[in-house]
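A.B. asks: Sending over structure.txt (compact mmCIF, C-alpha atoms).
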```
# COMPACT_ATOMS: atom_id res chain seq x y z
CA MET K 1 -29.37 10.79 -9.04
CA PRO K 2 -31.00 9.81 -12.37
CA ALA K 3 -30.04 6.36 -13.59
CA GLU K 4 -28.75 7.73 -16.90
CA HIS K 5 -25.76 9.26 -15.05
CA VAL K 6 -24.66 5.84 -13.84
CA ARG K 7 -22.09 3.73 -15.68
CA VAL K 8 -22.74 0.15 -14.56
CA ALA K 9 -19.59 -1.96 -14.87
CA GLY K 10 -21.54 -5.19 -14.94
CA SER K 11 -20.30 -8.13 -12.92
CA LEU K 12 -17.31 -8.50 -10.62
CA THR K 13 -16.59 -11.72 -12.47
CA ASP K 14 -15.88 -9.68 -15.62
CA ARG K 15 -12.89 -8.18 -13.84
CA ARG K 16 -9.54 -9.95 -14.15
CA PRO K 17 -7.21 -8.16 -11.74
CA SER K 18 -3.48 -8.74 -12.03
CA LEU K 19 -0.66 -7.13 -10.11
CA THR K 20 3.01 -6.70 -10.89
CA GLY K 21 5.58 -6.06 -8.19
CA THR K 22 5.74 -2.42 -9.25
CA GLU K 23 1.97 -2.04 -8.94
CA ILE K 24 2.03 -3.57 -5.46
CA VAL K 25 4.72 -1.10 -4.39
CA ASP K 26 2.69 1.79 -5.81
CA HIS K 27 -0.22 0.72 -3.57
CA LEU K 28 1.87 0.65 -0.39
CA VAL K 29 0.26 3.81 0.97
CA PRO K 30 -2.57 4.26 3.51
CA PRO K 31 -6.16 3.59 2.31
CA ARG K 32 -7.88 6.70 1.05
CA GLN K 33 -9.98 7.28 4.19
CA PHE K 34 -6.72 7.56 6.13
CA ARG K 35 -4.90 9.88 3.71
CA GLY K 36 -5.58 12.76 6.11
CA ALA K 37 -5.04 10.82 9.33
CA SER K 38 -2.91 12.52 11.95
CA ILE K 39 -2.20 12.25 15.65
CA ASP K 40 -4.00 15.57 16.12
CA ASN K 41 -7.26 14.45 14.50
CA TYR K 42 -7.36 11.13 16.35
CA GLN K 43 -10.04 11.62 19.00
CA PRO K 44 -9.37 9.59 22.17
CA ASP K 45 -12.47 8.39 23.98
CA PRO K 46 -12.31 9.88 27.50
CA ASP K 47 -13.95 6.72 28.86
CA TYR K 48 -10.87 4.73 27.79
CA PRO K 49 -7.65 6.37 29.07
CA SER K 50 -5.50 3.89 27.13
CA GLN K 51 -6.38 5.78 23.93
CA ALA K 52 -4.81 9.03 25.18
CA GLU K 53 -1.89 7.02 26.53
CA ALA K 54 -1.45 5.47 23.08
CA VAL K 55 -1.27 8.95 21.52
CA ASP K 56 1.47 9.91 23.98
CA ALA K 57 3.41 6.74 23.14
CA ILE K 58 3.04 7.44 19.41
CA ARG K 59 4.38 10.97 19.89
CA GLU K 60 7.38 9.56 21.72
CA PHE K 61 8.01 7.12 18.88
CA VAL K 62 7.81 9.99 16.38
CA ALA K 63 10.27 12.09 18.41
CA ALA K 64 13.11 9.82 17.31
CA TRP K 65 12.67 11.14 13.75
CA GLN K 66 12.87 14.76 14.87
CA PRO K 67 16.17 16.59 15.46
CA ALA K 68 17.01 17.52 19.03
CA ARG K 69 16.16 21.10 19.94
CA GLY K 70 18.67 23.58 21.25
CA GLY K 71 21.29 23.65 18.53
CA LEU K 72 24.45 21.71 17.82
CA PHE K 73 25.82 21.79 21.38
CA SER K 74 22.57 21.13 23.20
CA ARG K 75 22.73 18.38 25.79
CA ARG K 76 19.09 17.56 25.12
CA LYS K 77 18.74 14.49 22.94
CA ALA K 78 15.75 12.80 21.36
CA PRO K 79 14.45 10.06 23.67
CA LYS K 80 15.68 6.57 22.92
CA THR K 81 12.90 4.36 21.65
CA LEU K 82 12.75 0.83 20.33
CA PRO K 83 12.68 0.54 16.51
CA GLY K 84 9.33 -1.26 16.51
CA ILE K 85 5.91 -0.45 17.89
CA TYR K 86 2.93 -2.80 18.06
CA LEU K 87 -0.64 -1.53 18.44
CA ASP K 88 -2.75 -4.08 20.31
CA GLY K 89 -6.50 -3.71 20.65
CA GLY K 90 -9.94 -4.64 19.43
CA PHE K 91 -11.44 -3.57 16.12
CA GLY K 92 -12.64 -0.01 15.62
CA VAL K 93 -10.44 1.63 18.29
CA GLY K 94 -8.32 3.57 15.80
CA LYS K 95 -5.24 1.36 15.34
CA THR K 96 -5.13 1.89 11.56
CA HIS K 97 -5.66 5.65 12.02
CA LEU K 98 -2.63 5.82 14.32
CA LEU K 99 -0.61 3.57 12.00
CA ALA K 100 -1.38 5.90 9.08
CA SER K 101 -0.50 8.91 11.27
CA LEU K 102 2.95 7.42 11.82
CA TRP K 103 3.37 6.88 8.09
CA HIS K 104 2.51 10.52 7.35
CA LEU K 105 5.09 11.71 9.90
CA ALA K 106 7.89 9.43 8.77
CA PRO K 107 10.61 11.14 6.73
CA GLY K 108 11.89 9.97 3.37
CA ARG K 109 10.96 6.70 1.72
CA LYS K 110 8.26 4.78 3.59
CA TYR K 111 5.66 2.08 3.02
CA PHE K 112 2.19 1.22 4.35
CA GLY K 113 0.48 -2.06 3.56
CA THR K 114 -1.37 -5.07 4.87
CA PHE K 115 0.42 -8.29 5.70
CA ILE K 116 -1.11 -9.85 2.59
CA GLU K 117 0.28 -7.09 0.38
CA TYR K 118 3.82 -7.59 1.69
CA THR K 119 3.69 -11.37 1.25
CA ALA K 120 2.31 -10.84 -2.27
CA LEU K 121 5.25 -8.53 -2.96
CA VAL K 122 7.67 -11.28 -1.92
CA GLY K 123 5.76 -13.70 -4.11
CA SER K 124 6.04 -11.35 -7.08
CA LEU K 125 9.62 -10.09 -6.69
CA GLY K 126 11.23 -12.85 -4.66
CA TYR K 127 12.58 -12.50 -1.12
CA ALA K 128 16.03 -11.10 -1.96
CA GLN K 129 14.66 -8.47 -4.36
CA THR K 130 12.00 -7.42 -1.85
CA VAL K 131 14.64 -6.91 0.85
CA LYS K 132 16.75 -4.92 -1.59
CA MET K 133 13.80 -2.70 -2.51
CA LEU K 134 12.61 -2.04 1.06
CA ARG K 135 16.06 -1.69 2.65
CA GLY K 136 16.95 1.91 3.47
CA SER K 137 13.36 3.00 3.97
CA SER K 138 12.68 5.05 7.08
CA PHE K 139 9.44 3.33 8.04
CA LEU K 140 7.38 0.24 7.31
CA ALA K 141 3.75 0.00 8.50
CA ILE K 142 2.08 -3.42 8.54
CA ASP K 143 -1.66 -3.45 9.11
CA GLU K 144 -3.40 -6.73 9.95
CA PHE K 145 -0.26 -8.79 10.60
CA GLU K 146 -1.49 -12.35 10.02
CA LEU K 147 -0.51 -14.86 12.70
CA ASP K 148 -2.35 -17.90 11.36
CA ASP K 149 0.09 -18.91 8.59
CA PRO K 150 3.35 -20.11 10.18
CA GLY K 151 5.32 -20.01 6.92
CA ASP K 152 4.33 -16.45 6.03
CA THR K 153 4.81 -15.31 9.64
CA ARG K 154 8.37 -16.68 9.74
CA MET K 155 9.15 -15.10 6.37
CA MET K 156 7.87 -11.70 7.50
CA SER K 157 9.76 -11.97 10.79
CA ARG K 158 12.96 -12.63 8.87
CA LEU K 159 12.24 -9.71 6.54
CA LEU K 160 11.60 -7.34 9.43
CA GLY K 161 14.80 -8.49 11.10
CA GLU K 162 16.83 -7.55 8.03
CA LEU K 163 15.10 -4.18 7.71
CA THR K 164 15.42 -3.14 11.36
CA ALA K 165 19.10 -4.10 11.24
CA SER K 166 19.55 -1.57 8.44
CA GLY K 167 17.73 1.22 10.32
CA THR K 168 14.11 0.88 9.19
CA ARG K 169 11.55 1.48 11.94
CA ILE K 170 8.47 -0.75 12.05
CA ALA K 171 4.88 -0.38 13.27
CA ALA K 172 2.29 -3.14 13.16
CA THR K 173 -1.18 -4.23 14.16
CA SER K 174 -2.29 -7.85 14.03
CA ASN K 175 -5.20 -10.22 13.78
CA THR K 176 -5.87 -12.71 16.55
CA PRO K 177 -4.69 -16.21 15.58
CA PRO K 178 -6.81 -19.38 15.85
CA ASN K 179 -7.87 -20.36 19.40
CA ALA K 180 -7.22 -16.85 20.76
CA LEU K 181 -10.80 -15.83 21.36
CA GLY K 182 -10.25 -12.34 22.76
CA GLU K 183 -10.88 -9.30 20.62
CA GLY K 184 -7.26 -8.20 20.79
CA ARG K 185 -6.27 -8.97 24.37
CA PHE K 186 -4.33 -12.08 23.34
CA ALA K 187 -2.83 -10.55 20.22
CA ALA K 188 0.20 -8.92 21.85
CA GLN K 189 1.59 -12.06 23.45
CA ASP K 190 0.98 -14.09 20.29
CA PHE K 191 2.50 -11.45 18.05
CA LEU K 192 5.64 -11.18 20.17
CA ARG K 193 5.99 -14.95 20.40
CA GLU K 194 5.66 -15.43 16.65
CA ILE K 195 8.23 -12.77 15.73
CA ASP K 196 10.55 -14.44 18.26
CA ALA K 197 14.00 -12.79 18.12
CA LEU K 198 12.45 -9.48 17.09
CA ALA K 199 10.15 -9.28 20.12
CA GLY K 200 12.64 -7.31 22.19
CA GLN K 201 12.67 -4.56 19.58
CA PHE K 202 8.94 -3.83 19.83
CA THR K 203 7.10 -1.59 22.26
CA THR K 204 3.54 -2.86 22.82
CA ILE K 205 0.75 -0.31 23.11
CA ARG K 206 -2.64 -1.52 24.34
CA ILE K 207 -5.68 0.42 23.05
CA ASP K 208 -9.08 -0.29 24.60
CA GLY K 209 -12.40 1.16 23.51
CA LEU K 210 -15.63 0.85 21.60
CA ASP K 211 -15.84 0.30 17.86
CA TYR K 212 -16.04 3.83 16.45
CA ARG K 213 -17.85 2.63 13.32
CA ARG K 214 -20.85 1.60 15.43
CA ARG K 215 -21.11 4.74 17.54
CA ASP K 216 -23.17 6.70 15.02
CA VAL K 217 -24.75 4.06 12.78
CA GLU K 218 -27.51 1.53 13.28
CA GLY K 219 -26.35 -1.68 14.92
CA HIS K 220 -27.31 -3.91 12.00
CA ALA K 221 -26.38 -4.08 8.33
CA VAL K 222 -28.99 -2.56 6.04
CA SER K 223 -30.67 -4.89 3.55
CA VAL K 224 -33.08 -4.06 0.74
CA ALA K 225 -36.39 -5.85 0.38
CA ASP K 226 -35.79 -7.68 -2.90
CA ASP K 227 -33.74 -7.76 -6.10
CA ALA K 228 -35.82 -5.04 -7.73
CA ALA K 229 -35.12 -2.70 -4.83
CA LEU K 230 -31.44 -3.59 -5.05
CA GLU K 231 -31.27 -2.79 -8.77
CA GLN K 232 -33.01 0.55 -8.15
CA ALA K 233 -30.71 1.44 -5.26
CA ILE K 234 -27.66 0.75 -7.42
CA ALA K 235 -29.14 2.76 -10.30
CA ASP K 236 -29.68 5.73 -7.98
CA LEU K 237 -25.98 5.90 -7.09
CA ASP K 238 -23.46 7.89 -9.06
CA GLY K 239 -20.43 6.09 -10.48
CA ASN K 240 -19.44 2.57 -11.47
CA ALA K 241 -21.18 -0.36 -9.83
CA THR K 242 -21.56 -4.10 -10.17
CA VAL K 243 -24.42 -6.45 -9.35
CA ASP K 244 -23.98 -10.19 -8.74
CA ASP K 245 -25.51 -13.09 -6.89
CA PHE K 246 -23.76 -13.50 -3.55
CA ALA K 247 -22.95 -17.15 -4.27
CA THR K 248 -21.33 -16.16 -7.56
CA VAL K 249 -19.08 -13.62 -5.84
CA ILE K 250 -18.04 -16.09 -3.15
CA SER K 251 -17.16 -18.67 -5.80
CA TYR K 252 -15.24 -16.12 -7.88
CA LEU K 253 -13.19 -14.90 -4.90
CA GLY K 254 -11.87 -18.44 -4.56
CA GLY K 255 -10.01 -18.03 -7.85
CA VAL K 256 -8.50 -14.60 -7.11
CA HIS K 257 -5.56 -14.17 -4.73
CA PRO K 258 -6.55 -11.87 -1.82
CA SER K 259 -3.67 -9.53 -2.70
CA ARG K 260 -5.63 -8.69 -5.87
CA TYR K 261 -8.93 -7.86 -4.16
CA ALA K 262 -7.97 -4.18 -3.94
CA LYS K 263 -7.59 -3.99 -7.69
CA LEU K 264 -10.77 -6.02 -8.14
CA VAL K 265 -12.82 -3.22 -6.55
CA ASP K 266 -10.73 -0.34 -7.87
CA GLY K 267 -12.87 2.41 -9.40
CA LEU K 268 -16.17 1.08 -8.04
CA GLN K 269 -18.62 3.29 -6.20
CA ALA K 270 -20.84 0.42 -5.13
CA ILE K 271 -21.46 -3.30 -5.41
CA GLY K 272 -24.78 -5.10 -5.28
CA LEU K 273 -25.05 -8.57 -3.71
CA ARG K 274 -28.25 -10.47 -4.46
CA ASN K 275 -29.60 -13.27 -2.30
CA VAL K 276 -27.06 -13.19 0.52
CA THR K 277 -26.97 -16.46 2.49
CA VAL K 278 -25.17 -17.55 5.66
CA LEU K 279 -21.59 -18.73 5.03
CA ASP K 280 -20.95 -22.10 6.60
CA HIS K 281 -17.54 -22.92 5.11
CA GLN K 282 -14.59 -21.34 6.90
CA THR K 283 -12.48 -20.91 3.75
CA ASP K 284 -15.24 -18.99 1.98
CA ALA K 285 -15.84 -16.88 5.08
CA LEU K 286 -12.19 -15.90 5.44
CA ARG K 287 -11.95 -14.93 1.77
CA PHE K 288 -15.05 -12.79 2.21
CA VAL K 289 -13.45 -11.12 5.25
CA ALA K 290 -10.40 -10.19 3.14
CA PHE K 291 -12.72 -8.89 0.41
CA VAL K 292 -14.69 -6.78 2.91
CA ASP K 293 -11.43 -5.27 4.16
CA ARG K 294 -10.61 -4.06 0.66
CA LEU K 295 -14.15 -2.77 0.11
CA TYR K 296 -13.80 -0.81 3.32
CA ASP K 297 -10.38 0.56 2.37
CA ALA K 298 -11.83 1.85 -0.91
CA GLN K 299 -15.11 2.93 0.75
CA VAL K 300 -17.22 0.99 -1.76
CA ARG K 301 -20.92 1.12 -0.85
CA VAL K 302 -22.58 -2.28 -0.45
CA VAL K 303 -26.25 -2.86 -1.33
CA ALA K 304 -27.52 -6.34 -0.50
CA SER K 305 -30.67 -8.44 -0.44
CA GLY K 306 -31.29 -11.64 1.46
CA VAL K 307 -29.73 -12.37 4.85
CA PRO K 308 -28.46 -9.13 6.45
CA LEU K 309 -24.69 -9.01 6.09
CA ASP K 310 -24.10 -8.73 9.83
CA ALA K 311 -25.56 -12.24 10.06
CA VAL K 312 -23.56 -13.74 7.19
CA PHE K 313 -21.16 -15.74 9.40
CA ALA K 314 -22.45 -18.93 11.01
CA GLU K 315 -22.75 -18.93 14.80
CA ASP K 316 -20.03 -21.56 15.27
CA MET K 317 -17.61 -19.32 13.36
CA LEU K 318 -18.27 -16.41 15.70
CA GLY K 319 -17.28 -18.63 18.60
CA GLY K 320 -14.17 -19.99 16.93
CA GLY K 321 -10.55 -19.01 16.48
CA TYR K 322 -11.24 -16.39 13.80
CA ARG K 323 -13.83 -14.56 15.89
CA LYS K 324 -11.94 -11.26 15.78
CA LYS K 325 -11.74 -11.24 11.98
CA TYR K 326 -15.45 -11.94 11.62
CA LEU K 327 -16.46 -9.28 14.11
CA ARG K 328 -14.28 -6.71 12.36
CA ALA K 329 -15.87 -7.62 9.02
CA ILE K 330 -19.36 -7.29 10.54
CA SER K 331 -18.46 -3.86 11.88
CA ARG K 332 -17.26 -2.77 8.45
CA LEU K 333 -20.29 -4.22 6.66
CA ILE K 334 -22.61 -2.29 8.96
CA SER K 335 -20.76 0.88 8.00
CA LEU K 336 -20.66 0.13 4.26
CA THR K 337 -24.34 -0.79 4.00
CA SER K 338 -25.50 2.17 6.07
CA GLY K 339 -24.05 4.74 3.71
CA ALA K 340 -22.90 6.71 6.77
CA PRO K 341 -20.00 9.04 6.03
CA GLU K 342 -16.62 8.13 7.51
```
Represent the structure of the file as structure tokens.
C.D. replies:
Amino acid sequence: MPAEHVRVAGSLTDRRPSLTGTEIVDHLVPPRQFRGASIDNYQPDPDYPSQAEAVDAIREFVAAWQPARGGLFSRRKAPKTLPGIYLDGGFGVGKTHLLASLWHLAPGRKYFGTFIEYTALVGSLGYAQTVKMLRGSSFLAIDEFELDDPGDTRMMSRLLGELTASGTRIAATSNTPPNALGEGRFAAQDFLREIDALAGQFTTIRIDGLDYRRRDVEGHAVSVADDAALEQAIADLDGNATVDDFATVISYLGGVHPSRYAKLVDGLQAIGLRNVTVLDHQTDALRFVAFVDRLYDAQVRVVASGVPLDAVFAEDMLGGGYRKKYLRAISRLISLTSGAPE
């Protein structure tokens, strides 16, 4: 595509994203790549029977929303199911796809968001107003339920307790907390422990499998040779793009709340990251993970020079308590730098 068709937005640091409570609520829908997600177009891997079993469990959960067949006097009733469902598994096995499928099937008023988006909503509106706004909804989907902040976890557990008591059904996935080194296999027990009194209201579904993002793409993030190649690659893309030094982006993310990262990348087709280096500070690395999640949600292409982005996290981080988050980010960066269609 000729460079003259490209509108370059400049630098990410020129963007000053802000979010009101109303704007957060408006964004409580599945990411765009999951707008067409359904149970029918989820493709279970035959090598992992738990994926087909998960689909069956999801259908049973959905059945509670559907009227019993056979007319008014039919003895057949919808199966009784718990009001909550928790999808436990490694990254790239389709948890978010199934979560979005549930959202699409839910009747009436419903919400889909990440843990960070819900806590940001409470921060913007206040707890009581958030409960008032969400109460009466048929369904609340929480992707990436964070277990590593005790205060936020307790607040969300309390919120979910109030909503389920008023009839709202809940579905969630979660991130592994610190010191739980498994790629999902410890998440269920930690999730249920942290939500405490609510645990008995959740059905846990285990989903095993390979990361679907790495089935059809090269196993490493794609890097360009130098800054000139990066600038040309960005110029060849259609749509808005930004180009920044990697260190500048990492520093800037420190001054933007993660709940605003989605708006930070809104409307971008691609971002360029010059001179990528290995991240050796955990705080910077975790912010970058949250940023990558929002890039992936918006399907923003990433063009980078320097250290390949699948090697951006220091080795000691990959062996630490946030291993699952880093591996998920690596998986997404491989996809976003490859340009492979979703």
A.B. asks: Using all atoms listed in the file, give me every residue within 10 Å of (5.8, -0.3, 14.2) in file coordinates, as a PDB file with C-alpha atoms, in the frame of the given file.
C.D. replies:
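See selection.pdb below for the written result:
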```pdb
ATOM      1  CA  ILE K  58       3.040   7.440  19.410  1.00  0.00           C
ATOM      2  CA  PHE K  61       8.010   7.120  18.880  1.00  0.00           C
ATOM      3  CA  LEU K  82      12.750   0.830  20.330  1.00  0.00           C
ATOM      4  CA  PRO K  83      12.680   0.540  16.510  1.00  0.00           C
ATOM      5  CA  GLY K  84       9.330  -1.260  16.510  1.00  0.00           C
ATOM      6  CA  ILE K  85       5.910  -0.450  17.890  1.00  0.00           C
ATOM      7  CA  TYR K  86       2.930  -2.800  18.060  1.00  0.00           C
ATOM      8  CA  LEU K  87      -0.640  -1.530  18.440  1.00  0.00           C
ATOM      9  CA  LEU K  99      -0.610   3.570  12.000  1.00  0.00           C
ATOM     10  CA  LEU K 102       2.950   7.420  11.820  1.00  0.00           C
ATOM     11  CA  TRP K 103       3.370   6.880   8.090  1.00  0.00           C
ATOM     12  CA  PHE K 139       9.440   3.330   8.040  1.00  0.00           C
ATOM     13  CA  LEU K 140       7.380   0.240   7.310  1.00  0.00           C
ATOM     14  CA  ALA K 141       3.750   0.000   8.500  1.00  0.00           C
ATOM     15  CA  ILE K 142       2.080  -3.420   8.540  1.00  0.00           C
ATOM     16  CA  ASP K 143      -1.660  -3.450   9.110  1.00  0.00           C
ATOM     17  CA  THR K 168      14.110   0.880   9.190  1.00  0.00           C
ATOM     18  CA  ARG K 169      11.550   1.480  11.940  1.00  0.00           C
ATOM     19  CA  ILE K 170       8.470  -0.750  12.050  1.00  0.00           C
ATOM     20  CA  ALA K 171       4.880  -0.380  13.270  1.00  0.00           C
ATOM     21  CA  ALA K 172       2.290  -3.140  13.160  1.00  0.00           C
ATOM     22  CA  THR K 173      -1.180  -4.230  14.160  1.00  0.00           C
ATOM     23  CA  GLN K 201      12.670  -4.560  19.580  1.00  0.00           C
ATOM     24  CA  PHE K 202       8.940  -3.830  19.830  1.00  0.00           C
ATOM     25  CA  THR K 203       7.100  -1.590  22.260  1.00  0.00           C
ATOM     26  CA  THR K 204       3.540  -2.860  22.820  1.00  0.00           C
TER      27      THR K 204
END
```
A.B. asks: Suppose you want the space between atom CA of K:Ala199 and atom CA of K:Ser259; what is it in Å?
C.D. replies: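 For atom CA of K:Ala199 relative to atom CA of K:Ser259, the distance reads 26.7 Å.
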A.B. asks: Return the single residue from K:Ile39, K:Leu125, K:Leu147, K:Ala290 that is closest to K:Gly94, with distances computed using only C-alpha atoms.
C.D. replies: K:Ile39
A.B. asks: Which of these, K:Val29, K:Gly10, K:Gly21, K:His104, has the shortest distance to K:Asp244 once you count only C-alpha atoms?
C.D. replies: K:Gly10
A.B. asks: If we count only C-alpha atoms, what is near K:Leu134 at a cut-off of 9 Å, once residues fewer than 2 positions away on the same chain are taken out, given as a PyMOL selection string?
C.D. replies: chain K and resi 109-111+129-132+136-137+140+163+168
A.B. asks: May I ask for the distance between atom CA of K:Thr277 and atom CA of K:Ala241, given in Å to one decimal place?
C.D. replies: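 We find that atom CA of K:Thr277 and atom CA of K:Ala241 lie 21.1 Å from each other.
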A.B. asks: From the set K:Pro150, K:Gly306, K:Gly123, K:Gly92, which residue has the shortest atom-to-atom contact distance to K:His257, counting all atoms listed in the file?
C.D. replies: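 Comparing K:Pro150, K:Gly306, K:Gly123, K:Gly92 against K:His257, the winner is K:Gly123.
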A.B. asks: Which residue, K:Ser305, K:Gln282, K:Gln299, K:Asn240, has the smallest gap to K:Tyr322 when you use all atoms listed in the file?
C.D. replies: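 Answer, going by the shortest atom-to-atom distance: K:Gln282.
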A.B. asks: Do you know which residues lie at most 12 Å from (1.3, -17.8, 6.2), with coordinates as in the file and only C-alpha atoms counted, and could you write them as a list in words?
C.D. replies: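 Residues satisfying the cut-off, written out: Phe115, Ile116, Tyr118, Thr119, Ala120, Gly123, Phe145, Glu146, Leu147, Asp148, Asp149, Pro150, Gly151, Asp152, Thr153, Arg154, Met155, Met156, Ser157, Pro177 and Glu194 of chain K.
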A.B. asks: Between atom CA of K:Arg294 and atom CA of K:Pro258, what is the spacing in Å?
C.D. replies: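 Taking atom CA of K:Pro258 and atom CA of K:Arg294, their separation equals 9.1 Å.
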A.B. asks: Find the residues near K:Ser50: any atom within 9 Å, counting only C-alpha atoms, skip ones fewer than 2 places away on the same chain, and give them as a list in words.
C.D. replies: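 Everything that qualifies: Pro44, Asp45, Tyr48, Ala52, Glu53, Ala54, Val55, Ile205, Arg206, Ile207, Asp208 and Gly209 of chain K.
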A.B. asks: List the spatial neighbours of stretch 264-273 of chain K as a VMD selection string - criterion: any atom at most 6 Å away, all atoms listed in the file, same-chain residues fewer than 3 positions off excluded.
C.D. replies: chain K and resid 17 239 to 246 261 300 to 304
A.B. asks: Selected residues, C-alpha atoms, written as an mmCIF file, keeping the file's coordinate frame, please.
C.D. replies:
```
data_model
loop_
_atom_site.group_PDB
_atom_site.id
_atom_site.type_symbol
_atom_site.label_atom_id
_atom_site.label_comp_id
_atom_site.auth_asym_id
_atom_site.auth_seq_id
_atom_site.Cartn_x
_atom_site.Cartn_y
_atom_site.Cartn_z
ATOM 1 C CA PRO K 17 -7.210 -8.160 -11.740
ATOM 2 C CA GLY K 239 -20.430 6.090 -10.480
ATOM 3 C CA ASN K 240 -19.440 2.570 -11.470
ATOM 4 C CA ALA K 241 -21.180 -0.360 -9.830
ATOM 5 C CA THR K 242 -21.560 -4.100 -10.170
ATOM 6 C CA VAL K 243 -24.420 -6.450 -9.350
ATOM 7 C CA ASP K 244 -23.980 -10.190 -8.740
ATOM 8 C CA ASP K 245 -25.510 -13.090 -6.890
ATOM 9 C CA PHE K 246 -23.760 -13.500 -3.550
ATOM 10 C CA TYR K 261 -8.930 -7.860 -4.160
ATOM 11 C CA VAL K 300 -17.220 0.990 -1.760
ATOM 12 C CA ARG K 301 -20.920 1.120 -0.850
ATOM 13 C CA VAL K 302 -22.580 -2.280 -0.450
ATOM 14 C CA VAL K 303 -26.250 -2.860 -1.330
ATOM 15 C CA ALA K 304 -27.520 -6.340 -0.500
#
```
A.B. asks: Which residues, written as number ranges by chain, have at least one atom at most 9 Å from K:Leu327, with all atoms listed in the file counted and residues fewer than 5 positions away on the same chain left out?
C.D. replies: K: 91, 183, 310, 318, 322, 332
A.B. asks: Output C-alpha atoms for every residue in the selection just made, as a PDB file, in the frame of the given file.
C.D. replies:
```pdb
ATOM      1  CA  PHE K  91     -11.440  -3.570  16.120  1.00  0.00           C
ATOM      2  CA  GLU K 183     -10.880  -9.300  20.620  1.00  0.00           C
ATOM      3  CA  ASP K 310     -24.100  -8.730   9.830  1.00  0.00           C
ATOM      4  CA  LEU K 318     -18.270 -16.410  15.700  1.00  0.00           C
ATOM      5  CA  TYR K 322     -11.240 -16.390  13.800  1.00  0.00           C
ATOM      6  CA  ARG K 332     -17.260  -2.770   8.450  1.00  0.00           C
TER       7      ARG K 332
END
```
A.B. asks: Calculated over all atoms listed in the file, which of the candidates K:Thr96, K:Leu192, K:Val276, K:Leu12 has the smallest distance to K:Ala37?
C.D. replies: K:Thr96
A.B. asks: Which polymer residues have any atom within 9 Å of an atom of K:Thr22, counting only C-alpha atoms, with same-chain residues fewer than 4 positions away left out, as a PyMOL selection string?
C.D. replies: chain K and resi 26-27+121+125
A.B. asks: My list of candidates is K:Ser338, K:Arg158, K:Asp297, K:Met133. Which is closest to K:Ser223 when distances are computed with only C-alpha atoms?
C.D. replies: K:Ser338
A.B. asks: Taking the partial coordinates given, rebuild stretch 316-325 of chain K to contain N, CA, C and O atoms; return it as a PDB file, keeping the file's coordinate frame.
C.D. replies:
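Final file, part_37.pdb:
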```pdb
ATOM      1  N   ASP K 316     -21.211 -20.850  14.790  1.00  0.00           N
ATOM      2  CA  ASP K 316     -20.030 -21.560  15.270  1.00  0.00           C
ATOM      3  C   ASP K 316     -18.747 -20.848  14.865  1.00  0.00           C
ATOM      4  O   ASP K 316     -17.728 -20.939  15.553  1.00  0.00           O
ATOM      5  N   MET K 317     -18.788 -20.088  13.768  1.00  0.00           N
ATOM      6  CA  MET K 317     -17.610 -19.320  13.360  1.00  0.00           C
ATOM      7  C   MET K 317     -17.347 -18.174  14.343  1.00  0.00           C
ATOM      8  O   MET K 317     -16.197 -17.898  14.694  1.00  0.00           O
ATOM      9  N   LEU K 318     -18.429 -17.545  14.790  1.00  0.00           N
ATOM     10  CA  LEU K 318     -18.270 -16.410  15.700  1.00  0.00           C
ATOM     11  C   LEU K 318     -17.749 -16.848  17.068  1.00  0.00           C
ATOM     12  O   LEU K 318     -17.262 -16.019  17.837  1.00  0.00           O
ATOM     13  N   GLY K 319     -17.823 -18.134  17.354  1.00  0.00           N
ATOM     14  CA  GLY K 319     -17.280 -18.630  18.600  1.00  0.00           C
ATOM     15  C   GLY K 319     -15.947 -19.329  18.429  1.00  0.00           C
ATOM     16  O   GLY K 319     -15.412 -19.889  19.379  1.00  0.00           O
ATOM     17  N   GLY K 320     -15.407 -19.280  17.215  1.00  0.00           N
ATOM     18  CA  GLY K 320     -14.170 -19.990  16.930  1.00  0.00           C
ATOM     19  C   GLY K 320     -12.937 -19.114  16.937  1.00  0.00           C
ATOM     20  O   GLY K 320     -12.953 -17.962  17.379  1.00  0.00           O
ATOM     21  N   GLY K 321     -11.850 -19.667  16.422  1.00  0.00           N
ATOM     22  CA  GLY K 321     -10.550 -19.010  16.480  1.00  0.00           C
ATOM     23  C   GLY K 321     -10.437 -17.751  15.646  1.00  0.00           C
ATOM     24  O   GLY K 321      -9.546 -16.935  15.895  1.00  0.00           O
ATOM     25  N   TYR K 322     -11.317 -17.583  14.650  1.00  0.00           N
ATOM     26  CA  TYR K 322     -11.240 -16.390  13.800  1.00  0.00           C
ATOM     27  C   TYR K 322     -12.290 -15.345  14.183  1.00  0.00           C
ATOM     28  O   TYR K 322     -12.633 -14.471  13.389  1.00  0.00           O
ATOM     29  N   ARG K 323     -12.780 -15.452  15.408  1.00  0.00           N
ATOM     30  CA  ARG K 323     -13.830 -14.560  15.890  1.00  0.00           C
ATOM     31  C   ARG K 323     -13.511 -13.089  15.625  1.00  0.00           C
ATOM     32  O   ARG K 323     -14.356 -12.330  15.159  1.00  0.00           O
ATOM     33  N   LYS K 324     -12.290 -12.672  15.913  1.00  0.00           N
ATOM     34  CA  LYS K 324     -11.940 -11.260  15.780  1.00  0.00           C
ATOM     35  C   LYS K 324     -12.071 -10.784  14.336  1.00  0.00           C
ATOM     36  O   LYS K 324     -12.571  -9.689  14.069  1.00  0.00           O
ATOM     37  N   LYS K 325     -11.640 -11.625  13.395  1.00  0.00           N
ATOM     38  CA  LYS K 325     -11.740 -11.240  11.980  1.00  0.00           C
ATOM     39  C   LYS K 325     -13.200 -11.069  11.573  1.00  0.00           C
ATOM     40  O   LYS K 325     -13.556 -10.113  10.879  1.00  0.00           O
TER      41      LYS K 325
END
```
